[in-house]
Each structure stands twice: as structure tokens, then as C-alpha cells.
Amino acid sequence: MGATRLIAALAALLAGLPFQGCSDSDSDWPPAPRNEEEQTVIDAARRAVTQFDGWTDVAFVVQRRGDQWRVQAWRIVNPTARGKKRCVPWASRAIDLDRNGTVIAYQNHL
């Protein structure tokens, strides 16, 4: 009797798995700016990658680092893909900015 219940419970669990967690974890990447300050930093980073690399289709990820910012810029090479699959690791930049949005470092890789 115990084994039958265990099998029934396992079958019910397995039957429900296809409906659990069907979302693509990258579908919301890159995250949207959380506030106006992050948007200002992204705008400054966008100007930098346009100036230094000529990139126009770019995904940005913002990180606060004390009183400075680091923006990861990822060139979008496959716009029809979703999430991080739109980008490739060798087409990324790390841009450090001060609190005023002035670029203080520009690295060709992360």
C-alpha cells in the first residue's frame, strides 16, 4: 500500500513538471534601469561605446561600486535571439564611470 501511494505521488509530481519554471531565465536580460541615475550612467556608457567602438545595438548592465559605476556593455550580434544569447562574450566592454557620468576606465573585456 505504501509503495502504491509513493508511485502515485511521484507520477503526479512528474506530470506537473512541464508546467513549472517554463520561463527562459535570460528573457529579462539585461535588466531595465531601476532609476533615473542608472539611466544617466547607461546614456554615458552608450556614448562611450559609440565613440570608441562604433557600436549602436548594445545591451547594458549597471553595477554600483561605492561612489562609482561599472557598466557592462554587450554588443548585440543576434537581435532575434532572447536574453544573453543575443550577445557574445568577446564583444563586451567594461566601462567605469564616476558619480558624474565621466568615463574613468574603458576595458575591451569584462
# chains A, B, ... in the order shown; residues from 1 in each chain; ligands from 1
>>> residues_around(residues="segment 68-76 of chain A", least_positions_apart="5", cutoff="9 Å", atoms="only C-alpha atoms", output="PDB file with N, CA and C atoms, in the first residue's frame")
ATOM      1  N   GLU A  38      20.628  55.460 -12.910  1.00  0.00           N
ATOM      2  CA  GLU A  38      21.144  54.360 -13.726  1.00  0.00           C
ATOM      3  C   GLU A  38      20.974  54.653 -15.215  1.00  0.00           C
ATOM      4  N   VAL A  41      23.731  56.942 -16.336  1.00  0.00           N
ATOM      5  CA  VAL A  41      25.001  56.214 -16.462  1.00  0.00           C
ATOM      6  C   VAL A  41      25.007  55.386 -17.755  1.00  0.00           C
ATOM      7  N   ILE A  42      23.886  54.749 -18.068  1.00  0.00           N
ATOM      8  CA  ILE A  42      23.784  53.978 -19.310  1.00  0.00           C
ATOM      9  C   ILE A  42      23.945  54.894 -20.519  1.00  0.00           C
ATOM     10  N   ALA A  45      27.571  55.563 -20.946  1.00  0.00           N
ATOM     11  CA  ALA A  45      28.257  54.372 -21.464  1.00  0.00           C
ATOM     12  C   ALA A  45      27.927  54.166 -22.941  1.00  0.00           C
ATOM     13  N   ARG A  46      26.691  54.441 -23.323  1.00  0.00           N
ATOM     14  CA  ARG A  46      26.289  54.318 -24.739  1.00  0.00           C
ATOM     15  C   ARG A  46      27.112  55.260 -25.615  1.00  0.00           C
ATOM     16  N   VAL A  49      30.721  53.663 -25.974  1.00  0.00           N
ATOM     17  CA  VAL A  49      30.876  52.536 -26.909  1.00  0.00           C
ATOM     18  C   VAL A  49      30.633  52.976 -28.347  1.00  0.00           C
ATOM     19  N   TRP A  55      29.694  50.892 -31.860  1.00  0.00           N
ATOM     20  CA  TRP A  55      28.540  50.028 -31.609  1.00  0.00           C
ATOM     21  C   TRP A  55      27.287  50.872 -31.421  1.00  0.00           C
ATOM     22  N   THR A  56      26.190  50.409 -32.009  1.00  0.00           N
ATOM     23  CA  THR A  56      24.920  51.105 -31.830  1.00  0.00           C
ATOM     24  C   THR A  56      23.862  50.205 -31.199  1.00  0.00           C
ATOM     25  N   ASP A  57      23.941  48.898 -31.418  1.00  0.00           N
ATOM     26  CA  ASP A  57      22.965  47.967 -30.850  1.00  0.00           C
ATOM     27  C   ASP A  57      23.633  47.251 -29.684  1.00  0.00           C
ATOM     28  N   VAL A  58      23.361  47.724 -28.466  1.00  0.00           N
ATOM     29  CA  VAL A  58      24.120  47.298 -27.291  1.00  0.00           C
ATOM     30  C   VAL A  58      23.175  47.053 -26.117  1.00  0.00           C
ATOM     31  N   ALA A  59      23.481  46.020 -25.321  1.00  0.00           N
ATOM     32  CA  ALA A  59      22.778  45.744 -24.065  1.00  0.00           C
ATOM     33  C   ALA A  59      23.673  46.213 -22.917  1.00  0.00           C
ATOM     34  N   PHE A  60      23.074  46.816 -21.901  1.00  0.00           N
ATOM     35  CA  PHE A  60      23.847  47.361 -20.780  1.00  0.00           C
ATOM     36  C   PHE A  60      23.396  46.757 -19.458  1.00  0.00           C
ATOM     37  N   VAL A  61      24.392  46.476 -18.597  1.00  0.00           N
ATOM     38  CA  VAL A  61      24.132  46.004 -17.244  1.00  0.00           C
ATOM     39  C   VAL A  61      24.900  46.936 -16.309  1.00  0.00           C
ATOM     40  N   VAL A  62      24.203  47.501 -15.331  1.00  0.00           N
ATOM     41  CA  VAL A  62      24.777  48.514 -14.442  1.00  0.00           C
ATOM     42  C   VAL A  62      25.071  47.912 -13.077  1.00  0.00           C
ATOM     43  N   GLN A  63      26.247  48.254 -12.520  1.00  0.00           N
ATOM     44  CA  GLN A  63      26.613  47.847 -11.158  1.00  0.00           C
ATOM     45  C   GLN A  63      27.118  49.075 -10.418  1.00  0.00           C
ATOM     46  N   LYS A  84      20.731  36.744 -23.035  1.00  0.00           N
ATOM     47  CA  LYS A  84      22.171  36.785 -23.270  1.00  0.00           C
ATOM     48  C   LYS A  84      22.577  36.119 -24.579  1.00  0.00           C
ATOM     49  N   LYS A  85      21.693  35.336 -25.151  1.00  0.00           N
ATOM     50  CA  LYS A  85      22.005  34.664 -26.415  1.00  0.00           C
ATOM     51  C   LYS A  85      22.095  35.664 -27.570  1.00  0.00           C
ATOM     52  N   ARG A  86      21.669  36.897 -27.334  1.00  0.00           N
ATOM     53  CA  ARG A  86      21.802  37.929 -28.367  1.00  0.00           C
ATOM     54  C   ARG A  86      23.234  38.415 -28.499  1.00  0.00           C
ATOM     55  N   CYS A  87      24.065  38.124 -27.489  1.00  0.00           N
ATOM     56  CA  CYS A  87      25.419  38.668 -27.414  1.00  0.00           C
ATOM     57  C   CYS A  87      26.454  37.553 -27.408  1.00  0.00           C
ATOM     58  N   VAL A  88      27.713  37.959 -27.599  1.00  0.00           N
ATOM     59  CA  VAL A  88      28.832  37.018 -27.498  1.00  0.00           C
ATOM     60  C   VAL A  88      29.856  37.592 -26.527  1.00  0.00           C
ATOM     61  N   PRO A  89      30.564  36.739 -25.791  1.00  0.00           N
ATOM     62  CA  PRO A  89      31.468  37.247 -24.743  1.00  0.00           C
ATOM     63  C   PRO A  89      32.627  38.090 -25.263  1.00  0.00           C
ATOM     64  N   TRP A  90      33.083  37.854 -26.479  1.00  0.00           N
ATOM     65  CA  TRP A  90      34.229  38.614 -26.978  1.00  0.00           C
ATOM     66  C   TRP A  90      33.824  39.994 -27.490  1.00  0.00           C
ATOM     67  N   ALA A  91      32.551  40.309 -27.489  1.00  0.00           N
ATOM     68  CA  ALA A  91      32.081  41.635 -27.880  1.00  0.00           C
ATOM     69  C   ALA A  91      31.449  42.304 -26.663  1.00  0.00           C
ATOM     70  N   SER A  92      32.274  42.487 -25.629  1.00  0.00           N
ATOM     71  CA  SER A  92      31.787  43.120 -24.400  1.00  0.00           C
ATOM     72  C   SER A  92      32.826  44.124 -23.910  1.00  0.00           C
ATOM     73  N   ARG A  93      32.349  45.102 -23.206  1.00  0.00           N
ATOM     74  CA  ARG A  93      33.215  46.133 -22.651  1.00  0.00           C
ATOM     75  C   ARG A  93      32.822  46.394 -21.207  1.00  0.00           C
ATOM     76  N   ALA A  94      33.817  46.783 -20.415  1.00  0.00           N
ATOM     77  CA  ALA A  94      33.583  47.220 -19.039  1.00  0.00           C
ATOM     78  C   ALA A  94      33.924  48.700 -18.978  1.00  0.00           C
ATOM     79  N   ILE A  95      32.961  49.494 -18.582  1.00  0.00           N
ATOM     80  CA  ILE A  95      33.140  50.944 -18.549  1.00  0.00           C
ATOM     81  C   ILE A  95      32.935  51.412 -17.117  1.00  0.00           C
ATOM     82  N   ASP A  96      33.965  52.009 -16.543  1.00  0.00           N
ATOM     83  CA  ASP A  96      33.871  52.571 -15.196  1.00  0.00           C
ATOM     84  C   ASP A  96      33.618  54.062 -15.316  1.00  0.00           C
ATOM     85  N   LEU A  97      32.652  54.532 -14.529  1.00  0.00           N
ATOM     86  CA  LEU A  97      32.279  55.937 -14.557  1.00  0.00           C
ATOM     87  C   LEU A  97      32.242  56.488 -13.141  1.00  0.00           C
ATOM     88  N   ASP A  98      32.539  57.775 -13.004  1.00  0.00           N
ATOM     89  CA  ASP A  98      32.408  58.391 -11.689  1.00  0.00           C
ATOM     90  C   ASP A  98      30.956  58.783 -11.462  1.00  0.00           C
ATOM     91  N   ARG A  99      30.688  59.382 -10.327  1.00  0.00           N
ATOM     92  CA  ARG A  99      29.297  59.714  -9.979  1.00  0.00           C
ATOM     93  C   ARG A  99      28.679  60.748 -10.908  1.00  0.00           C
ATOM     94  N   ASN A 100      29.516  61.477 -11.672  1.00  0.00           N
ATOM     95  CA  ASN A 100      29.005  62.473 -12.617  1.00  0.00           C
ATOM     96  C   ASN A 100      28.804  61.911 -14.025  1.00  0.00           C
ATOM     97  N   GLY A 101      29.106  60.619 -14.204  1.00  0.00           N
ATOM     98  CA  GLY A 101      28.945  60.008 -15.512  1.00  0.00           C
ATOM     99  C   GLY A 101      30.142  60.174 -16.423  1.00  0.00           C
ATOM    100  N   LEU A 110      35.471  41.986 -20.132  1.00  0.00           N
ATOM    101  CA  LEU A 110      34.964  42.043 -18.754  1.00  0.00           C
ATOM    102  C   LEU A 110      35.894  41.355 -17.792  1.00  0.00           C
TER     103      LEU A 110
END
>>> atom_distance(atom1="atom CA of Gly83 of chain A", atom2="atom CA of Arg65 of chain A")
24.3 Å
>>> atom_distance(atom1="atom CA of Ala44 of chain A", atom2="atom CA of Asn78 of chain A")
23.7 Å
>>> closest_residue(among="A:Asn35, A:Ala81, A:Ala48, A:Pro30", to="Tyr106 of chain A", atoms="only C-alpha atoms")
A:Ala48
>>> atom_distance(atom1="atom CA of Arg34 of chain A", atom2="atom CA of Thr50 of chain A")
22.9 Å
